[in-house]
There are 4 protein chains.
Amino acid sequence: MIVVMKPDADAEQVERVCEVVREMGLRDHVIVGTDLTVVAVIGDDRKKDKGKLEQIDGVDRVVPILAPYKMAAREGRPSTTVVRISEQCIIGGRDVPVIAGPCSVEGEQQIIEVAQMIRDAGGHALRGGAFKPRTNPYAFQGHGEDGLKMLAAARAVTGLAIITEVLTPTDVELVTEYADCLQIGARNSQNYRLLEACGQQPRPVLLKRGLAMTIEELLQAAEYVLSAGNPNVILCERGVRTFEDHTRNTLSLSAVPEVHQKSHLPIIIDPSHGTGHARLVDDMSRAALACGADGLILEVHQDPVHAMTDGGQSITPTALATMLPVLRRIARAVGREIPTPAGIPA
Amino acid sequence: MIVVMKPDADAEQVERVCEVVREMGLRDHVIVGTDLTVVAVIGDDRKKDKGKLEQIDGVDRVVPILAPYKMAAREGRPSTTVVRISEQCIIGGRDVPVIAGPCSVEGEQQIIEVAQMIRDAGGHALRGGAFKPRTNPYAFQGHGEDGLKMLAAARAVTGLAIITEVLTPTDVELVTEYADCLQIGARNSQNYRLLEACGQQPRPVLLKRGLAMTIEELLQAAEYVLSAGNPNVILCERGVRTFEDHTRNTLSLSAVPEVHQKSHLPIIIDPSHGTGHARLVDDMSRAALACGADGLILEVHQDPVHAMTDGGQSITPTALATMLPVLRRIARAVGREIPTPAGIPA
Amino acid sequence: MIVVMKPDADAEQVERVCEVVREMGLRDHVIVGTDLTVVAVIGDDRKKDKGKLEQIDGVDRVVPILAPYKMAAREGRPSTTVVRISEQCIIGGRDVPVIAGPCSVEGEQQIIEVAQMIRDAGGHALRGGAFKPRTNPYAFQGHGEDGLKMLAAARAVTGLAIITEVLTPTDVELVTEYADCLQIGARNSQNYRLLEACGQQPRPVLLKRGLAMTIEELLQAAEYVLSAGNPNVILCERGVRTFEDHTRNTLSLSAVPEVHQKSHLPIIIDPSHGTGHARLVDDMSRAALACGADGLILEVHQDPVHAMTDGGQSITPTALATMLPVLRRIARAVGREIPTPAGIPA
Amino acid sequence: MIVVMKPDADAEQVERVCEVVREMGLRDHVIVGTDLTVVAVIGDDRKKDKGKLEQIDGVDRVVPILAPYKMAAREGRPSTTVVRISEQCIIGGRDVPVIAGPCSVEGEQQIIEVAQMIRDAGGHALRGGAFKPRTNPYAFQGHGEDGLKMLAAARAVTGLAIITEVLTPTDVELVTEYADCLQIGARNSQNYRLLEACGQQPRPVLLKRGLAMTIEELLQAAEYVLSAGNPNVILCERGVRTFEDHTRNTLSLSAVPEVHQKSHLPIIIDPSHGTGHARLVDDMSRAALACGADGLILEVHQDPVHAMTDGGQSITPTALATMLPVLRRIARAVGREIPTPAGIPA
């Protein structure tokens with residue numbers, strides 16, 4: 001970090017900063033500029049509280065220099081981590097899978113039916129919520145373990161791997177029994193006990209970016225999972241909250257190349273939550289693949305007008321099938337491939 | 001809700017909307033305007049998924065009308081709910097208490113010492129973190145149950161009630177054994193399992209606003225606690241995340257009158273997190289009281305330069321004592337009172 | 001608009017709203033719901049001040065329904081407006097041109113040289129600032145009219161059309177003498193006198209979205225130009241300001257399909273300002289074309305390390321040439337074409 | 001500035017950075033840390049383009065250190081600049097004046113009447129728009145010069161000084177003929193030609209913060225006016241644009257102490273635009289005074305329900321008179337005074 005002194009700071013104040021830096025187990029290096037003095041701090045300050053240096057008289061501010069994560073960092077890892085959810089759904093390599101499914105598991109028949117339609121349309125894995133985090137306490141909260149069982153039934157029928165959300169540490173064990181990949185939702189992206197619990201189980205983790213999370217914080221959240229022992233983390237950009245009101249969230253696609261430059265972890269895009277409107281999903285899926293996303297996760301429902309949740313942003317399996325040919329061409333244009341499941345025309 | 005049709009929607013499309021509205025158990029009312037048609041939906045649609053109506057051909061958008069919370073609403077409750085944390089710290093009445101303490105409980109000696117200093121300076125309750133949610137996985141995570149015991153020791157010495165954060169549902173029982181009030185932090189403000197767990201225990205709950213949370217979502221989060229059986233919820237504005245970079249967060253004080261107009265729940269202000277800089281805490285505390293805040297929660301440390309966490313935004317007990325006379329005058333100017341603990345000169 | 005009454009509003013208050021609505025020359029239609037009453041207002045209220053209805057006792061809020069623009073709206077115009085800047089640079093049709101050039105015109109030699117390199121790399125028009133809006137009053141403000149002459153010299157040599165910014169109404173006449181297209185920058189996007197002045201001259205107008213502008217406000221700004229008599233408006237998304245700090249701005253690509261759905265005006269993307277980092281420009285250009293952008297505008301400098309302005313976000317002509325083959329493939333994947341200038345291998 | 005190298009940057013890359021720094025007329029100072037190397041740049045880099053250094057291989061990013069403004073800076077100016085609009089309205093000293101008036105000048109009778117009511121209620125100057133910047137091109141745009149004459153008539157009757165907005169450089173001369181203080185609105189806060197024009201005329205300037213402007217940018221905008229020769233600049237916080245939707249803008253009161261710490265310029269608060277709702281104006285005015293605002297500017301209309309513009313956020317003269325006693329008490333609590341005009345009971 002760099003401690004920036006005020007223009008009128010005196011030598012004694014600078015010396016006080018140096019003393020505290022040394023007390024912190026770090027080294028100080030004073031640079032006297034034409035307008036002001038800065039103290040460069042040398043050593044690994046990742047675990048140190050930088051803010052307190054701002055309290056010393058004469059200090060204007062403290063500027064961090066080192067990235068606050070290590071295991072998630074790109075340095076020393078030239079290739080992107082490949083996370084295998086199933087044979088059909090491998091994320092981080094040349095292939096770009098499409099994960100699709102309804103917001104909520106509504107019933108066994110419903111989830112099996114939509115899973116079949118998704119498989120036939122060309123999808124590679126099934127998403128669906130059994131435990132639903134709802135802003136409104138009176139809204140449908142998901143079928144819980146029964147929902148997990150319905151997902152497993154859909155997998156048995158279709159062969160599609162299951163990605164489903166876990167809301168709280170005590171449910172992690174239960175969800176790992178059924179799911180092939182655990183999702184940590186945007187609202188839980190800084191629920192550190194949940195991150196740790198997901199880091200201590202063997203399934204891959206799909207970590208969604210929080211609504212007000214910087215890329216650096218997203219990588220620190222991933223670091224919680226990685227440092228707890230689980231190397232299989234997939235990041236997901238799903239829109240952040242801004243002043244924009246034409247979409248539910250603002251899908252920030254520059255997160256894709258940024259994550260690829262700063263980290264070795266793969267990143268996929270959720271254009272359904274990222275826009276909140278079915279009418280924008282196709283175009284934003286195209287954009288996601290074009291800028292290098294390692295996969296897509298889409299809300300797909302067989303009858304969005306009667307969906308229990310998120311009907312406004314769900315597309316139909318037919319729409320998915322219609323979208324895929326152009327998405328395939330875009331993937332190829334950037335040197336990637338949307339895998340063609342057996343029996344689906346390329 | 002109001003379903004707004006596109007200007008070129010035809011009668012059949014409008015009728016389709018009406019049908020779906022009726023299927024949802026609600027009543028439809030069509031209004032033909034000069035430029036377009038809207039369908040007003042009559043009935044309690046709080047539990048309904050509005051988005052799916054956007055999927056019907058000819059629909060432009062859906063505008064919600066009813067507030068999505070009931071128990072937290074102001075209607076029918078002319079007076080603000082009074083939450084009693086202790087004899088000295090009653091929030092929501094005429095009195096405006098000051099809760100103060102360090103970000104983290106660092107050790108028994110430290111917490112007892114700062115608690116004494118806070119009591120002597122005029123504080124009414126003690127805050128301090130035993131379980132710390134840290135962005136950085138390698139940073140100090142708090143002393144856990146030992147920290148709770150240290151807080152209890154500080155209470156035994158000073159008589160100050162304890163407010164401390166709980167991070168996960170399984171810790172709720174443990175924390176209630178020690179704390180007088182449970183804090184739900186900003187990062188957990190939409191951790192619905194935690195909200196429910198705090199709603200099912202008897203202590204008052206201090207619910208912090210999330211970094212990207214609207215007022216409506218804050219009141220829905222409170223509704224989770226209220227509807228689980230706990231009527232004693234205190235809201236806390238602590239800054240939201242915006243493009244502003246001179247402060248850690250943007251303290252949005254208009255939340256105070258807005259919450260008072262929309263809800264019967266009391267609301268306090270945290271200017272420490274709300275600004276991130278000790279140098280702004282006094283002025284923003286003044287502003288908070290002036291616009292009607294029901295209390296303050298401040299980070300206070302006996303030696304901020306050596307604090308383990310959040311040193312940059314902690315003020316000293318001396319600073320607290322120095323601030324209070326002006327704060328008292330402001331409180332009186334708006335018809336409130338900062339209570340003077342026994343033995344403290346008014 | 002819809003006037004939403006408070007749950008406890010009485011009949012007299014509703015009647016007062018209706019009276020004021022009628023005074024405004026509009027019609028009222030009262031709908032009594034189960035929880036509250038709303039007054040639907042019928043008639044063209046685009047020129048009316050909605051806010052004042054909120055002042056009537058018993059009113060909770062007013063919800064606008066009609067879009068506040070007409071000439072910019074999609075309704076009744078199934079095809080996108082085609083704006084011809086030059087033979088090589090036609091925006092809004094099947095072709096997707098690339099506008100490129102340095103942030104500032106630095107000298108005649110420099111601008112001619114980079115224009116040649118851009119033409120040879122495959123660019124379709126030349127951008128370059130003669131009048132520069134600089135945040136810092138002490139920074140280089142552009143060469144003014146001399147800069148315009150240098151641009152004209154570059155056009156004479158290369159045949160590339162010129163797009164350059166105009167800052168103030170009194171410069172409009174001068175800039176139209178030299179430029180083929182006038183740019184209104186993000187900071188001037190709500191400078192209504194400038195919008196009007198650009199609406200009263202014959203050149204096409206490139207209107208950049210402001211840093212905190214909604215899509216609806218962008219279309220209203222376009223409406224200023226359109227209603228002043230100039231039908232040739234090109235919109236440009238160049239990033240909005242959010243909490244994100246890894247980029248200079250947050251490039252909101254969902255603006256592309258949204259503008260296409262709401263308006264007949266073409267929209268191009270500026271990934272240079274939209275990210276602020278040369279290292280992100282290629283990927284975001286790809287994403288822009290994939291989601292349907294009608295063109296790109298890129299900062300290109302022959303020697304970014306020595307650029308006078310915006311060096312950090314400028315790419316080299318070589319980088320541009322390297323990018324184009326993949327961009328062409330993406331354009332074709334979505335049914336568009338980046339035109340190949342004569343003499344450039346496709 | 002500090003140039004942060006990537007962890008894997010080599011010595012040659014560091015040397016290349018140093019070379020470019022020296023070419024820029026600055027001095028380089030290399031610091032080799034445990035994880036990475038940084039190059040501290042010594043000298044006044046305020047006029048230099050920092051971004052271009054990011055283009056050198058091996059550079060991770062560039063961190064600015066010096067504030068980009070000088071004349072607006074607090075350093076060397078211990079006391080706040082006092083700006084005298086009139087005898088009754090002096091901003092920046094102990095007194096805290098209240099500027100009030102309608103959004104638009106609607107007619108001579110109207111403006112004289114409301115000016116009298118404001119004077120009688122205790123206001124110190126009259127605001128009112130003759131030239132109105134309207135988002136909607138079809139909305140009322142103000143009476144122009146006739147509006148200025150009506151304001152002058154109101155001043156002749158009441159003795160209140162006039163503050164009114166100027167939209168474009170060519171109107172500056174005209175507005176200075178009538179107004180006592182020129183307002184630069186939020187949408188024009190980075191209209192640099194207008195800032196310069198206002199810097200070259202003799203009246204005080206009220207500079208509103210833009211909707212997406214940082215404090216640093218606000219001070220740079222002020223620097224445009226100051227460096228053009230006009231030392232009498234008053235800043236105004238009027239809300240910034242964020243995700244919050246309960247208010248029209250988010251009033252960021254921490255701007256008050258921040259500006260006071262970084263600059264010698266006075267700052268006033270506009271709670272009318274800052275909230276957009278008359279029902280929040282009183283509480284936010286209280287908060288503004290408590291945290292040290294040097295004045296208030298309020299929208300006041302004799303009949304908000306019939307106001308031509310901004311009716312929703314205008315309070316009545318009666319409401320103003322009712323607010324003032326508490327505001328006076330708060331001002332006194334923080335060592336300030338709202339002056340009592342002759343004939344008004346204190």
# chains A, B, ... in the order shown; residues from 1 in each chain; ligands from 1
$ interface_residues --of "chain A" --to "chain C" --cutoff "7 Å" --atoms "only C-alpha atoms" --output "list of chain:residue names"
A:Thr214, A:Thr242, A:Glu244, A:Thr250, A:Leu251, A:Ser252, A:Ser254, A:Pro257, A:Leu280, A:Asp283, A:Met284, A:Arg286, A:Ala287, A:Ala288, A:Ala290, A:Cys291, A:Val326, A:Arg329, A:Ile330, A:Ala333, A:Val334
$ select_by_dssp --residues "stretch 197-268 of chain C" --states "strand (DSSP E)" --output "list in words"
Val205, Leu206, Leu207, Lys208, Val233, Ile234, Leu235, Cys236, Glu237, Ile267 and Ile268 of chain C
$ write_last_selection --atoms "C-alpha atoms" --output "PDB file, in the first residue's frame"
ATOM      1  CA  VAL C 205     -25.654  13.842 -35.262  1.00  0.00           C
ATOM      2  CA  LEU C 206     -23.931  11.229 -33.122  1.00  0.00           C
ATOM      3  CA  LEU C 207     -25.496  11.553 -29.665  1.00  0.00           C
ATOM      4  CA  LYS C 208     -23.644   9.914 -26.803  1.00  0.00           C
ATOM      5  CA  VAL C 233     -29.584  10.880 -35.220  1.00  0.00           C
ATOM      6  CA  ILE C 234     -27.258   8.031 -34.254  1.00  0.00           C
ATOM      7  CA  LEU C 235     -27.242   7.031 -30.595  1.00  0.00           C
ATOM      8  CA  CYS C 236     -24.113   5.835 -28.848  1.00  0.00           C
ATOM      9  CA  GLU C 237     -23.751   3.810 -25.656  1.00  0.00           C
ATOM     10  CA  ILE C 267     -27.192   2.743 -31.929  1.00  0.00           C
ATOM     11  CA  ILE C 268     -23.450   2.224 -31.997  1.00  0.00           C
TER      12      ILE C 268
END
$ residues_around --residues "C:Leu226" --least-positions-apart "5" --cutoff "9 Å" --atoms "only C-alpha atoms" --output "list in words"
Met71, Ala72, Glu196, Gly199, Ala221, Pro231, Asn232 and Val233 of chain C
$ select_by_dssp --residues "stretch 4-68 of chain D" --states "alpha helix (DSSP H)" --output "PDB file with N, CA, C and O atoms, in the first residue's frame"
ATOM      1  N   ALA D  11      12.609  -6.468 -15.525  1.00  0.00           N
ATOM      2  CA  ALA D  11      13.377  -5.239 -15.301  1.00  0.00           C
ATOM      3  C   ALA D  11      13.319  -4.316 -16.519  1.00  0.00           C
ATOM      4  O   ALA D  11      13.267  -3.084 -16.391  1.00  0.00           O
ATOM      5  N   GLU D  12      13.295  -4.911 -17.687  1.00  0.00           N
ATOM      6  CA  GLU D  12      13.252  -4.115 -18.902  1.00  0.00           C
ATOM      7  C   GLU D  12      11.938  -3.321 -18.985  1.00  0.00           C
ATOM      8  O   GLU D  12      11.919  -2.155 -19.391  1.00  0.00           O
ATOM      9  N   GLN D  13      10.870  -3.971 -18.588  1.00  0.00           N
ATOM     10  CA  GLN D  13       9.569  -3.292 -18.616  1.00  0.00           C
ATOM     11  C   GLN D  13       9.539  -2.137 -17.623  1.00  0.00           C
ATOM     12  O   GLN D  13       9.007  -1.063 -17.910  1.00  0.00           O
ATOM     13  N   VAL D  14      10.123  -2.374 -16.455  1.00  0.00           N
ATOM     14  CA  VAL D  14      10.195  -1.295 -15.459  1.00  0.00           C
ATOM     15  C   VAL D  14      11.008  -0.141 -16.021  1.00  0.00           C
ATOM     16  O   VAL D  14      10.631   1.035 -15.906  1.00  0.00           O
ATOM     17  N   GLU D  15      12.097  -0.454 -16.670  1.00  0.00           N
ATOM     18  CA  GLU D  15      12.956   0.596 -17.226  1.00  0.00           C
ATOM     19  C   GLU D  15      12.216   1.382 -18.313  1.00  0.00           C
ATOM     20  O   GLU D  15      12.335   2.603 -18.424  1.00  0.00           O
ATOM     21  N   ARG D  16      11.421   0.682 -19.098  1.00  0.00           N
ATOM     22  CA  ARG D  16      10.639   1.353 -20.145  1.00  0.00           C
ATOM     23  C   ARG D  16       9.667   2.376 -19.520  1.00  0.00           C
ATOM     24  O   ARG D  16       9.494   3.481 -20.024  1.00  0.00           O
ATOM     25  N   VAL D  17       9.044   1.972 -18.401  1.00  0.00           N
ATOM     26  CA  VAL D  17       8.160   2.910 -17.702  1.00  0.00           C
ATOM     27  C   VAL D  17       8.947   4.136 -17.265  1.00  0.00           C
ATOM     28  O   VAL D  17       8.521   5.284 -17.475  1.00  0.00           O
ATOM     29  N   CYS D  18      10.116   3.905 -16.698  1.00  0.00           N
ATOM     30  CA  CYS D  18      10.926   5.015 -16.208  1.00  0.00           C
ATOM     31  C   CYS D  18      11.302   5.961 -17.359  1.00  0.00           C
ATOM     32  O   CYS D  18      11.258   7.195 -17.201  1.00  0.00           O
ATOM     33  N   GLU D  19      11.633   5.395 -18.470  1.00  0.00           N
ATOM     34  CA  GLU D  19      11.956   6.219 -19.643  1.00  0.00           C
ATOM     35  C   GLU D  19      10.801   7.129 -20.030  1.00  0.00           C
ATOM     36  O   GLU D  19      10.982   8.323 -20.269  1.00  0.00           O
ATOM     37  N   VAL D  20       9.606   6.530 -20.114  1.00  0.00           N
ATOM     38  CA  VAL D  20       8.447   7.334 -20.527  1.00  0.00           C
ATOM     39  C   VAL D  20       8.156   8.402 -19.481  1.00  0.00           C
ATOM     40  O   VAL D  20       7.814   9.537 -19.812  1.00  0.00           O
ATOM     41  N   VAL D  21       8.302   8.039 -18.224  1.00  0.00           N
ATOM     42  CA  VAL D  21       8.097   9.036 -17.159  1.00  0.00           C
ATOM     43  C   VAL D  21       9.053  10.206 -17.356  1.00  0.00           C
ATOM     44  O   VAL D  21       8.658  11.383 -17.274  1.00  0.00           O
ATOM     45  N   ARG D  22      10.290   9.921 -17.671  1.00  0.00           N
ATOM     46  CA  ARG D  22      11.272  10.997 -17.862  1.00  0.00           C
ATOM     47  C   ARG D  22      10.954  11.809 -19.121  1.00  0.00           C
ATOM     48  O   ARG D  22      11.053  13.035 -19.123  1.00  0.00           O
ATOM     49  N   GLU D  23      10.521  11.124 -20.159  1.00  0.00           N
ATOM     50  CA  GLU D  23      10.061  11.845 -21.373  1.00  0.00           C
ATOM     51  C   GLU D  23       8.943  12.833 -21.052  1.00  0.00           C
ATOM     52  O   GLU D  23       8.791  13.853 -21.727  1.00  0.00           O
TER      53      GLU D  23
END
$ atom_distance --atom1 "atom CA of A:Gly312" --atom2 "atom CA of A:Ile90"
28.9 Å
